[in-house]
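Input: a single structure, listed below in structure tokens.
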Amino acid sequence: MSKEIIIEKTIQFVKKELKNAEGGHDWFHIERVFKNTILIAKEEKVDAFVVSLAALLHDIADPKFYNGDETIGPKIAMKFLKSHNVDVKTSKHVINIIKHISFKNSFDKKGEKFTSKELQVVQDADRLDAIGAIGIARCFNYGGFKNRALYNPEILPNLKMTKEQYKNSEAPTINHFYEKLLLLKDKMNTETGKKIAQERHLYMENFLKQFYDEWKGIK
């Protein structure tokens with residue numbers, strides 16, 4: 001089976017698996033991350049097959065929808081890769097990317113460490129989808145999904161969270177901008193990712209200014 005056919009089979013599989021997923025973590029999120037990955041990979045010396053598979057499978061079972069279980073996604077991805085006879089080296093690399101791509105892992109200073117240029121590319125692609133106009137839309141969509149307040153001036157962002165606190169947070173949606181989204185610009189790995197992130201970061205800053213002005217009745 002050619003790499004092109006395997007990628008197409010992966011697309012079909014992910015579309016089916018995420019058919020009823022929450023709007024910010026559905027097939028369209030995967031598709032955007034896949035496109036971002038291809039864009040960034042053009043400027044980086046990476047294995048195109050690895051980054052394509054990792055981008056497509058990175059959220060096949062997001063832990064936040066599985067009681068925080070971080071093992072389910074890698075297991076589903078590995079089972080799929082084996083069923084399509086993807087070689088062991090490629091499969092292990094893809095699984096390592098899935099295990100280490102998440103922002104919440106940055107809280108775990110003592111956890112298992114893994115890095116590769118491929119991880120950096122897919123991580124940037126995923127993080128780009130968390131910022132800018134779409135990042136704002138996804139943030140509020142998930143906040144609504146969890147029935148969180150939009151904003152509460154009395155509940156301040158927690159900038160010193162542990163990984164467990166981050167995973168279990170029920171804070172208002174606006175707080176998430178300070179606890180994650182506004183931090184992503186400076187966590188980009190690639191030059192392409194950094195360049196795109198600058199513009200999207202500025203868009204979020206402008207949005208927040210407008211939000212607070214409207215909240216206060218200034219505009």
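Convention: chains lettered A, B, ... in structure tokens order; per-chain residue numbering from 1; ligands numbered from 1 as shown.
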Item to check | Shell of 12 Å around Lys209 in chain A, only C-alpha atoms, local chain residues under 6 positions omitted, as a list in words | outcome: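 My reading of the contact set: Ile174, Leu202, Tyr203, Trp215, Lys216, Ile218 and Lys219 of chain A.
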Take the residues that were just selected and, keeping N, CA and C atoms, output them as a PDB file, in the first residue's frame.
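Final output, selection-v3.pdb:
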```
ATOM      1  N   ILE A 174     -12.657  33.340  29.351  1.00  0.00           N
ATOM      2  CA  ILE A 174     -11.673  34.405  29.131  1.00  0.00           C
ATOM      3  C   ILE A 174     -10.342  34.082  29.818  1.00  0.00           C
ATOM      4  N   LEU A 202      -1.856  39.012  17.699  1.00  0.00           N
ATOM      5  CA  LEU A 202      -2.318  40.399  17.680  1.00  0.00           C
ATOM      6  C   LEU A 202      -3.834  40.460  17.560  1.00  0.00           C
ATOM      7  N   TYR A 203      -4.403  39.578  16.754  1.00  0.00           N
ATOM      8  CA  TYR A 203      -5.865  39.529  16.588  1.00  0.00           C
ATOM      9  C   TYR A 203      -6.535  39.232  17.934  1.00  0.00           C
ATOM     10  N   TRP A 215     -17.727  45.029  27.815  1.00  0.00           N
ATOM     11  CA  TRP A 215     -18.134  44.555  29.144  1.00  0.00           C
ATOM     12  C   TRP A 215     -18.350  45.739  30.091  1.00  0.00           C
ATOM     13  N   LYS A 216     -17.471  46.725  29.969  1.00  0.00           N
ATOM     14  CA  LYS A 216     -17.541  47.911  30.841  1.00  0.00           C
ATOM     15  C   LYS A 216     -18.550  48.944  30.342  1.00  0.00           C
ATOM     16  N   ILE A 218     -18.121  50.731  27.641  1.00  0.00           N
ATOM     17  CA  ILE A 218     -17.416  51.858  27.017  1.00  0.00           C
ATOM     18  C   ILE A 218     -17.764  51.951  25.543  1.00  0.00           C
ATOM     19  N   LYS A 219     -17.979  50.791  24.910  1.00  0.00           N
ATOM     20  CA  LYS A 219     -18.314  50.770  23.490  1.00  0.00           C
ATOM     21  C   LYS A 219     -19.614  50.021  23.264  1.00  0.00           C
TER      22      LYS A 219
END
```
Next on the checklist: So that I can see what lies close to Asp59 in chain A, please list as an MDAnalysis selection string the residues with an atom at most 12 Å from it, counting only C-alpha atoms and leaving out residues fewer than 5 positions away in the same chain.
Outcome noted: chainID A and resid 14:15 17:18 21:22 24:31 33:34 53:54 64:66 70:77 95 97:102 122:123 126
Create the file for the chosen residues now, containing N, CA and C atoms and written as an mmCIF file, in the first residue's frame.
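The file below, again-v2.cif, is the result:
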```cif
data_model
loop_
_atom_site.group_PDB
_atom_site.id
_atom_site.type_symbol
_atom_site.label_atom_id
_atom_site.label_comp_id
_atom_site.auth_asym_id
_atom_site.auth_seq_id
_atom_site.Cartn_x
_atom_site.Cartn_y
_atom_site.Cartn_z
ATOM 1 N N VAL A 14 -10.339 8.986 10.303
ATOM 2 C CA VAL A 14 -10.501 10.081 11.258
ATOM 3 C C VAL A 14 -11.856 10.766 11.074
ATOM 4 N N LYS A 15 -12.260 10.975 9.851
ATOM 5 C CA LYS A 15 -13.579 11.572 9.593
ATOM 6 C C LYS A 15 -14.688 10.765 10.251
ATOM 7 N N GLU A 17 -14.355 8.507 12.797
ATOM 8 C CA GLU A 17 -14.192 8.474 14.248
ATOM 9 C C GLU A 17 -14.662 9.761 14.919
ATOM 10 N N LEU A 18 -14.463 10.894 14.261
ATOM 11 C CA LEU A 18 -14.782 12.192 14.865
ATOM 12 C C LEU A 18 -16.080 12.790 14.331
ATOM 13 N N ALA A 21 -17.922 14.607 17.115
ATOM 14 C CA ALA A 21 -17.049 15.255 18.099
ATOM 15 C C ALA A 21 -17.465 16.692 18.377
ATOM 16 N N GLU A 22 -17.048 17.194 19.532
ATOM 17 C CA GLU A 22 -17.257 18.602 19.891
ATOM 18 C C GLU A 22 -16.650 19.495 18.810
ATOM 19 N N GLY A 24 -14.876 22.091 18.401
ATOM 20 C CA GLY A 24 -13.505 22.585 18.364
ATOM 21 C C GLY A 24 -12.472 21.489 18.213
ATOM 22 N N HIS A 25 -12.944 20.233 18.284
ATOM 23 C CA HIS A 25 -12.017 19.102 18.204
ATOM 24 C C HIS A 25 -12.545 18.050 17.223
ATOM 25 N N ASP A 26 -13.196 18.509 16.190
ATOM 26 C CA ASP A 26 -13.823 17.636 15.196
ATOM 27 C C ASP A 26 -12.909 17.429 13.988
ATOM 28 N N TRP A 27 -13.456 16.831 12.930
ATOM 29 C CA TRP A 27 -12.665 16.600 11.724
ATOM 30 C C TRP A 27 -12.118 17.894 11.143
ATOM 31 N N PHE A 28 -12.889 18.962 11.218
ATOM 32 C CA PHE A 28 -12.432 20.208 10.602
ATOM 33 C C PHE A 28 -11.208 20.774 11.336
ATOM 34 N N HIS A 29 -11.132 20.552 12.657
ATOM 35 C CA HIS A 29 -9.920 20.918 13.389
ATOM 36 C C HIS A 29 -8.734 20.108 12.854
ATOM 37 N N ILE A 30 -8.941 18.817 12.689
ATOM 38 C CA ILE A 30 -7.876 17.951 12.161
ATOM 39 C C ILE A 30 -7.453 18.412 10.768
ATOM 40 N N GLU A 31 -8.420 18.730 9.935
ATOM 41 C CA GLU A 31 -8.130 19.162 8.569
ATOM 42 C C GLU A 31 -7.293 20.437 8.560
ATOM 43 N N VAL A 33 -5.301 21.516 11.000
ATOM 44 C CA VAL A 33 -3.969 21.185 11.502
ATOM 45 C C VAL A 33 -3.157 20.474 10.417
ATOM 46 N N PHE A 34 -3.804 19.605 9.680
ATOM 47 C CA PHE A 34 -3.149 18.905 8.567
ATOM 48 C C PHE A 34 -2.641 19.908 7.528
ATOM 49 N N LEU A 53 0.712 11.762 9.024
ATOM 50 C CA LEU A 53 -0.004 10.802 9.865
ATOM 51 C C LEU A 53 -0.218 11.356 11.274
ATOM 52 N N ALA A 54 0.797 11.999 11.818
ATOM 53 C CA ALA A 54 0.685 12.547 13.174
ATOM 54 C C ALA A 54 -0.359 13.659 13.239
ATOM 55 N N LYS A 64 -9.370 14.967 27.115
ATOM 56 C CA LYS A 64 -10.375 15.745 27.836
ATOM 57 C C LYS A 64 -11.789 15.200 27.643
ATOM 58 N N PHE A 65 -11.969 14.385 26.611
ATOM 59 C CA PHE A 65 -13.276 13.773 26.381
ATOM 60 C C PHE A 65 -13.317 12.310 26.835
ATOM 61 N N TYR A 66 -12.223 11.871 27.458
ATOM 62 C CA TYR A 66 -12.120 10.483 27.931
ATOM 63 C C TYR A 66 -11.637 10.457 29.382
ATOM 64 N N GLU A 70 -4.915 9.611 28.953
ATOM 65 C CA GLU A 70 -3.998 9.978 27.878
ATOM 66 C C GLU A 70 -3.481 8.774 27.097
ATOM 67 N N THR A 71 -3.949 7.573 27.446
ATOM 68 C CA THR A 71 -3.461 6.364 26.769
ATOM 69 C C THR A 71 -4.351 5.924 25.609
ATOM 70 N N ILE A 72 -5.593 6.377 25.601
ATOM 71 C CA ILE A 72 -6.555 5.887 24.599
ATOM 72 C C ILE A 72 -6.173 6.309 23.182
ATOM 73 N N GLY A 73 -5.847 7.600 22.987
ATOM 74 C CA GLY A 73 -5.479 8.089 21.662
ATOM 75 C C GLY A 73 -4.325 7.333 21.038
ATOM 76 N N PRO A 74 -3.190 7.222 21.740
ATOM 77 C CA PRO A 74 -2.066 6.462 21.190
ATOM 78 C C PRO A 74 -2.419 5.010 20.871
ATOM 79 N N LYS A 75 -3.257 4.383 21.698
ATOM 80 C CA LYS A 75 -3.648 2.986 21.457
ATOM 81 C C LYS A 75 -4.472 2.861 20.174
ATOM 82 N N ILE A 76 -5.434 3.769 20.001
ATOM 83 C CA ILE A 76 -6.268 3.742 18.788
ATOM 84 C C ILE A 76 -5.408 3.999 17.557
ATOM 85 N N ALA A 77 -4.511 4.978 17.660
ATOM 86 C CA ALA A 77 -3.645 5.317 16.534
ATOM 87 C C ALA A 77 -2.733 4.148 16.171
ATOM 88 N N ILE A 95 3.338 7.909 17.194
ATOM 89 C CA ILE A 95 2.779 7.763 18.538
ATOM 90 C C ILE A 95 3.469 8.685 19.530
ATOM 91 N N ILE A 97 4.775 11.554 18.868
ATOM 92 C CA ILE A 97 4.264 12.900 18.592
ATOM 93 C C ILE A 97 2.901 13.083 19.257
ATOM 94 N N ILE A 98 2.019 12.107 19.107
ATOM 95 C CA ILE A 98 0.692 12.181 19.721
ATOM 96 C C ILE A 98 0.803 12.319 21.237
ATOM 97 N N LYS A 99 1.733 11.593 21.843
ATOM 98 C CA LYS A 99 1.900 11.609 23.296
ATOM 99 C C LYS A 99 2.455 12.934 23.812
ATOM 100 N N HIS A 100 3.221 13.629 22.990
ATOM 101 C CA HIS A 100 3.954 14.799 23.487
ATOM 102 C C HIS A 100 3.518 16.135 22.879
ATOM 103 N N ILE A 101 2.495 16.125 22.049
ATOM 104 C CA ILE A 101 2.107 17.347 21.339
ATOM 105 C C ILE A 101 1.380 18.347 22.222
ATOM 106 N N SER A 102 0.682 17.865 23.250
ATOM 107 C CA SER A 102 -0.236 18.700 24.014
ATOM 108 C C SER A 102 0.448 19.797 24.821
ATOM 109 N N VAL A 122 4.318 19.557 13.753
ATOM 110 C CA VAL A 122 2.914 19.252 14.029
ATOM 111 C C VAL A 122 2.424 20.029 15.254
ATOM 112 N N GLN A 123 3.279 20.201 16.226
ATOM 113 C CA GLN A 123 2.924 20.967 17.417
ATOM 114 C C GLN A 123 2.617 22.417 17.050
ATOM 115 N N ASP A 126 -0.754 22.547 15.278
ATOM 116 C CA ASP A 126 -1.864 22.393 16.222
ATOM 117 C C ASP A 126 -2.059 23.665 17.038
#
```
Need to verify the contact set: Val50 in chain A, 8 Å, only C-alpha atoms, exclusion of same-chain residues closer than 4 positions in sequence. Can you return it as a PDB file with C-alpha atoms, in the first residue's frame?
```pdb
ATOM      1  CA  ALA A  54       0.685  12.547  13.174  1.00  0.00           C
ATOM      2  CA  THR A  90       7.275   5.398  11.504  1.00  0.00           C
ATOM      3  CA  HIS A  93       7.489   8.230  15.810  1.00  0.00           C
ATOM      4  CA  VAL A  94       3.845   9.096  15.133  1.00  0.00           C
ATOM      5  CA  GLU A 118       8.486  16.358  13.102  1.00  0.00           C
TER       6      GLU A 118
END
```
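Among the candidates A:Asn36, A:Phe13, A:Ala48, A:Gly23, the residue lying nearest to Lys79 in chain A is A:Phe13 (atoms considered: only C-alpha atoms).
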Next on the checklist: For a test of reading the model, state the distance in Å between CA of Glu214 in chain A and CA of Cys139 in chain A, rounded to one decimal.
Outcome noted: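 Separation of CA of Glu214 in chain A and CA of Cys139 in chain A: 18.8 Å.
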